[in-house]
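Notes follow once the structure below has been shown.
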Amino acid sequence: MTTENQAAIEQEKEYMERLAKQDSYPLWAFHRDGDRHPPKAAPWVWRWKEMRELAYEAGRLERIKGQGYRRALLMQNPGLKAAGMATPSSTKTMSSAIQIVWPGEIAEAHRHTAAAIRWVIEGSGAFTVQDGEQFRMEPGDLNLTPSFVWHDHKNPSDEPVIWLDCLDAPMVGFFDAMFQEPFPEDVQPITKPDGYSNASIGNGLMRSVSSEVTGRALPLNYKWVDAYAALQAMNEGSRYDGIIMEYTNPTTGGHTMPTLACKLQQLRPGFHSDAHKHTSSVVYNVAKGSGSTIIDGKKLDWGFGDTFVVPSMNAHEHINDSMSEDAVLFSMSDLPLLESMLLYQEHHVDRQEVTGTIG
Ligand code: 1HN
């Protein structure tokens, strides 16, 4: 090294120290020292068998009462574990959990800025109460908890109920807009008749002229029987997803909620999709059948109740290799927010060669 070079390096170092004193950093050095490794979500699976057993164990634990307690097991993406995110999350943008509501118990009323969805996996005796209305939850039902809606859960039946919670909490946290408050009582009073919210919008076909519902996100319930029947009736699908439909917000005709898109897709017997990648991240739960998804060259076999994630820009294709049974996947993604920021991109890729497995 020449003395001249040495002098230049010393000079830059000294300059950088002075910048640091001003809490600044030179963009050219940031770009030049290009070995940054931001934490990345991994494609991953949480198996129903294990999560179900762990949920039952959580159910039997002594009452874990505390502010807004829930017997919910957050599914933490190993790629993000080290990132120190405020909420353990399944993708960079979404948290998901397996929650058990034990017979006879209530999960106390609270509300938070993060929006949530519940997707029922097992058991049919639980209710979620939202802004004074109770919703009965049965397997395959989807229930929405929009931002800042009071909610508590109860299970007056004699069988545990298990569902998947998915929240936009990491996105809300990114904006430092995450806060929560307890309801003054453990449970909120029921002030509306059963079916009120769904009826107030004529089940998506009409709207009340006396209340302002247009554009709002409502605490709605979508029944499995209706959703599955809709898929059965369709005869045209997507090359990447098979028969796929989104649970729409009936007051806007748009995405399920402002931050989250929930979809249900059917892979008919023998279907092998084309591969693509997109900027949205997706959390899946297997509603019916079995199959596999190849994610960035790695094969992930799935069956009923498994939860898996396809992070942003991971190439993926879905396969149902049964010749007699259909497979159905429920999914939740951050698509609405990406679209509103004009950041949604989707790219076709070639079908992948399998070089490994996940899970
Ligand atoms: C939450 O409030 C619930 O209300 C479930 O049932 C899961 C995961 C992270 C943060 C808040 C619930 C949650 C959650």
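Here, A, B, ... name the chains of the structure tokens in the order displayed, residue numbers run from 1 inside each chain, and ligands are numbered from 1 in the same displayed order.
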(request) Compile the contact shell of Leu335 in chain A as a PyMOL selection string: residues with an atom at most 12 Å away, counting only C-alpha atoms, same-chain residues fewer than 4 positions apart removed. (result) chain A and resi 93-94+168+246+254-263+278-283+312+331+339-346
Keeping only C-alpha atoms, write those residues as an mmCIF file, in the first residue's frame.
```
data_model
loop_
_atom_site.group_PDB
_atom_site.id
_atom_site.type_symbol
_atom_site.label_atom_id
_atom_site.label_comp_id
_atom_site.auth_asym_id
_atom_site.auth_seq_id
_atom_site.Cartn_x
_atom_site.Cartn_y
_atom_site.Cartn_z
ATOM 1 C CA THR A 93 -45.449 -8.407 8.348
ATOM 2 C CA MET A 94 -47.734 -10.904 10.106
ATOM 3 C CA ASP A 168 -50.997 -7.455 11.189
ATOM 4 C CA GLU A 246 -60.752 -13.881 -1.617
ATOM 5 C CA GLY A 254 -62.195 -4.980 -1.949
ATOM 6 C CA HIS A 255 -59.712 -6.804 0.239
ATOM 7 C CA THR A 256 -60.778 -8.604 3.400
ATOM 8 C CA MET A 257 -59.384 -5.842 5.616
ATOM 9 C CA PRO A 258 -57.259 -2.725 4.962
ATOM 10 C CA THR A 259 -54.050 -4.557 5.875
ATOM 11 C CA LEU A 260 -54.853 -8.229 5.280
ATOM 12 C CA ALA A 261 -56.166 -10.359 2.434
ATOM 13 C CA CYS A 262 -57.687 -13.746 3.302
ATOM 14 C CA LYS A 263 -58.185 -16.308 0.576
ATOM 15 C CA HIS A 278 -44.391 -11.924 -5.472
ATOM 16 C CA THR A 279 -43.654 -9.201 -2.984
ATOM 17 C CA SER A 280 -46.488 -10.213 -0.644
ATOM 18 C CA SER A 281 -45.822 -12.750 2.119
ATOM 19 C CA VAL A 282 -48.357 -15.471 2.824
ATOM 20 C CA VAL A 283 -49.358 -17.564 5.856
ATOM 21 C CA SER A 312 -41.897 -12.339 0.052
ATOM 22 C CA SER A 331 -54.269 -18.129 3.430
ATOM 23 C CA GLU A 339 -50.832 -2.677 -3.301
ATOM 24 C CA SER A 340 -51.678 0.628 -1.665
ATOM 25 C CA MET A 341 -47.969 1.488 -1.601
ATOM 26 C CA LEU A 342 -47.656 0.438 -5.286
ATOM 27 C CA LEU A 343 -45.161 -2.185 -4.142
ATOM 28 C CA TYR A 344 -46.961 -5.291 -5.269
ATOM 29 C CA GLN A 345 -45.057 -7.166 -7.981
ATOM 30 C CA GLU A 346 -45.560 -10.671 -9.222
#
```
(message) Could you list, as a ChimeraX atom specification, every residue within 9 Å of Trp150 in chain A, counting only C-alpha atoms and ignoring same-chain residues fewer than 4 positions away?
(response) /A:109-112,129-132,145,182-183,188
(request) Check the smallest atom-to-atom distance from each of A:Asn143, A:Thr293, A:Thr357, A:Thr248 to Val120 in chain A using only C-alpha atoms, then report the winner. (result) A:Asn143
(request) Output the neighbourhood of ligand 1 as a VMD selection string, that is, all protein and nucleic acid residues with some atom at most 10 Å from the ligand, counting only C-alpha atoms and all ligand atoms. (result) chain A and resid 68 to 75 87 to 89 94 to 101 107 to 118 128 145 150 to 153 163 to 170 178 180
Using C-alpha atoms, can you write the selected residues to a file as an mmCIF file, in the first residue's frame?
```cif
data_model
loop_
_atom_site.group_PDB
_atom_site.id
_atom_site.type_symbol
_atom_site.label_atom_id
_atom_site.label_comp_id
_atom_site.auth_asym_id
_atom_site.auth_seq_id
_atom_site.Cartn_x
_atom_site.Cartn_y
_atom_site.Cartn_z
ATOM 1 C CA GLY A 68 -55.841 -9.789 28.131
ATOM 2 C CA TYR A 69 -54.550 -13.308 28.556
ATOM 3 C CA ARG A 70 -54.922 -15.877 25.789
ATOM 4 C CA ARG A 71 -53.739 -19.479 25.514
ATOM 5 C CA ALA A 72 -52.118 -18.596 22.208
ATOM 6 C CA LEU A 73 -48.834 -20.006 20.885
ATOM 7 C CA LEU A 74 -47.124 -17.531 18.604
ATOM 8 C CA MET A 75 -45.443 -19.194 15.642
ATOM 9 C CA THR A 87 -43.929 -9.199 18.347
ATOM 10 C CA PRO A 88 -42.643 -12.682 17.514
ATOM 11 C CA SER A 89 -43.825 -13.058 13.946
ATOM 12 C CA MET A 94 -47.734 -10.904 10.106
ATOM 13 C CA SER A 95 -47.985 -12.697 13.435
ATOM 14 C CA SER A 96 -49.838 -15.938 13.727
ATOM 15 C CA ALA A 97 -50.688 -18.127 16.662
ATOM 16 C CA ILE A 98 -52.482 -21.341 17.526
ATOM 17 C CA GLN A 99 -54.988 -20.502 20.229
ATOM 18 C CA ILE A 100 -56.943 -22.939 22.370
ATOM 19 C CA VAL A 101 -60.090 -21.885 24.205
ATOM 20 C CA ALA A 107 -60.342 -15.071 27.186
ATOM 21 C CA GLU A 108 -60.770 -11.576 28.559
ATOM 22 C CA ALA A 109 -62.066 -8.624 26.592
ATOM 23 C CA HIS A 110 -59.604 -6.154 25.174
ATOM 24 C CA ARG A 111 -58.972 -4.194 22.018
ATOM 25 C CA HIS A 112 -55.883 -3.226 20.101
ATOM 26 C CA THR A 113 -54.878 -1.304 17.032
ATOM 27 C CA ALA A 114 -53.653 -4.480 15.316
ATOM 28 C CA ALA A 115 -56.346 -6.217 13.275
ATOM 29 C CA ALA A 116 -56.814 -9.973 13.628
ATOM 30 C CA ILE A 117 -58.513 -12.862 11.950
ATOM 31 C CA ARG A 118 -59.496 -16.212 13.441
ATOM 32 C CA THR A 128 -65.871 -14.708 19.911
ATOM 33 C CA THR A 145 -61.506 -8.559 14.250
ATOM 34 C CA TRP A 150 -63.446 -5.011 21.591
ATOM 35 C CA HIS A 151 -63.141 -8.782 21.644
ATOM 36 C CA ASP A 152 -63.286 -11.647 24.096
ATOM 37 C CA HIS A 153 -63.616 -15.373 23.494
ATOM 38 C CA TRP A 163 -58.075 -21.741 15.929
ATOM 39 C CA LEU A 164 -55.386 -19.901 14.042
ATOM 40 C CA ASP A 165 -55.008 -16.224 14.894
ATOM 41 C CA CYS A 166 -53.336 -14.024 12.328
ATOM 42 C CA LEU A 167 -52.542 -10.393 12.985
ATOM 43 C CA ASP A 168 -50.997 -7.455 11.189
ATOM 44 C CA ALA A 169 -49.156 -6.650 14.455
ATOM 45 C CA PRO A 170 -45.631 -6.381 12.956
ATOM 46 C CA MET A 178 -49.365 -0.614 18.394
ATOM 47 C CA GLN A 180 -53.861 -2.190 23.501
#
```
(request) Name the closest residue to Ser211 in chain A among the candidates A:Lys92, A:Met323, A:Ala229, A:Thr251; distances are taken between atoms, counting only C-alpha atoms. (result) A:Thr251
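Put simply, CA of Val45 in chain A is 12.1 Å away from CA of Lys298 in chain A.
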I'd like the contact shell of Asp301 in chain A - 9 Å cut-off, only C-alpha atoms, skipping same-chain residues fewer than 3 positions apart - returned as a PDB file with C-alpha atoms, in the first residue's frame.
```pdb
ATOM      1  CA  SER A 290     -52.789 -33.027   1.634  1.00  0.00           C
ATOM      2  CA  GLY A 291     -50.151 -32.027  -0.876  1.00  0.00           C
ATOM      3  CA  SER A 292     -46.945 -30.080  -1.148  1.00  0.00           C
ATOM      4  CA  THR A 293     -45.561 -26.672  -1.995  1.00  0.00           C
ATOM      5  CA  ILE A 294     -42.132 -26.231  -3.517  1.00  0.00           C
ATOM      6  CA  THR A 357     -37.097 -30.300   1.916  1.00  0.00           C
ATOM      7  CA  ILE A 358     -38.627 -28.029   4.534  1.00  0.00           C
ATOM      8  CA  GLY A 359     -39.946 -29.370   7.821  1.00  0.00           C
TER       9      GLY A 359
END
```
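Take CA of Thr252 in chain A and CA of Ser333 in chain A: the distance between them is 18.2 Å.
Of note, CA of Glu325 in chain A and CA of Asp274 in chain A are spaced 19.9 Å apart.
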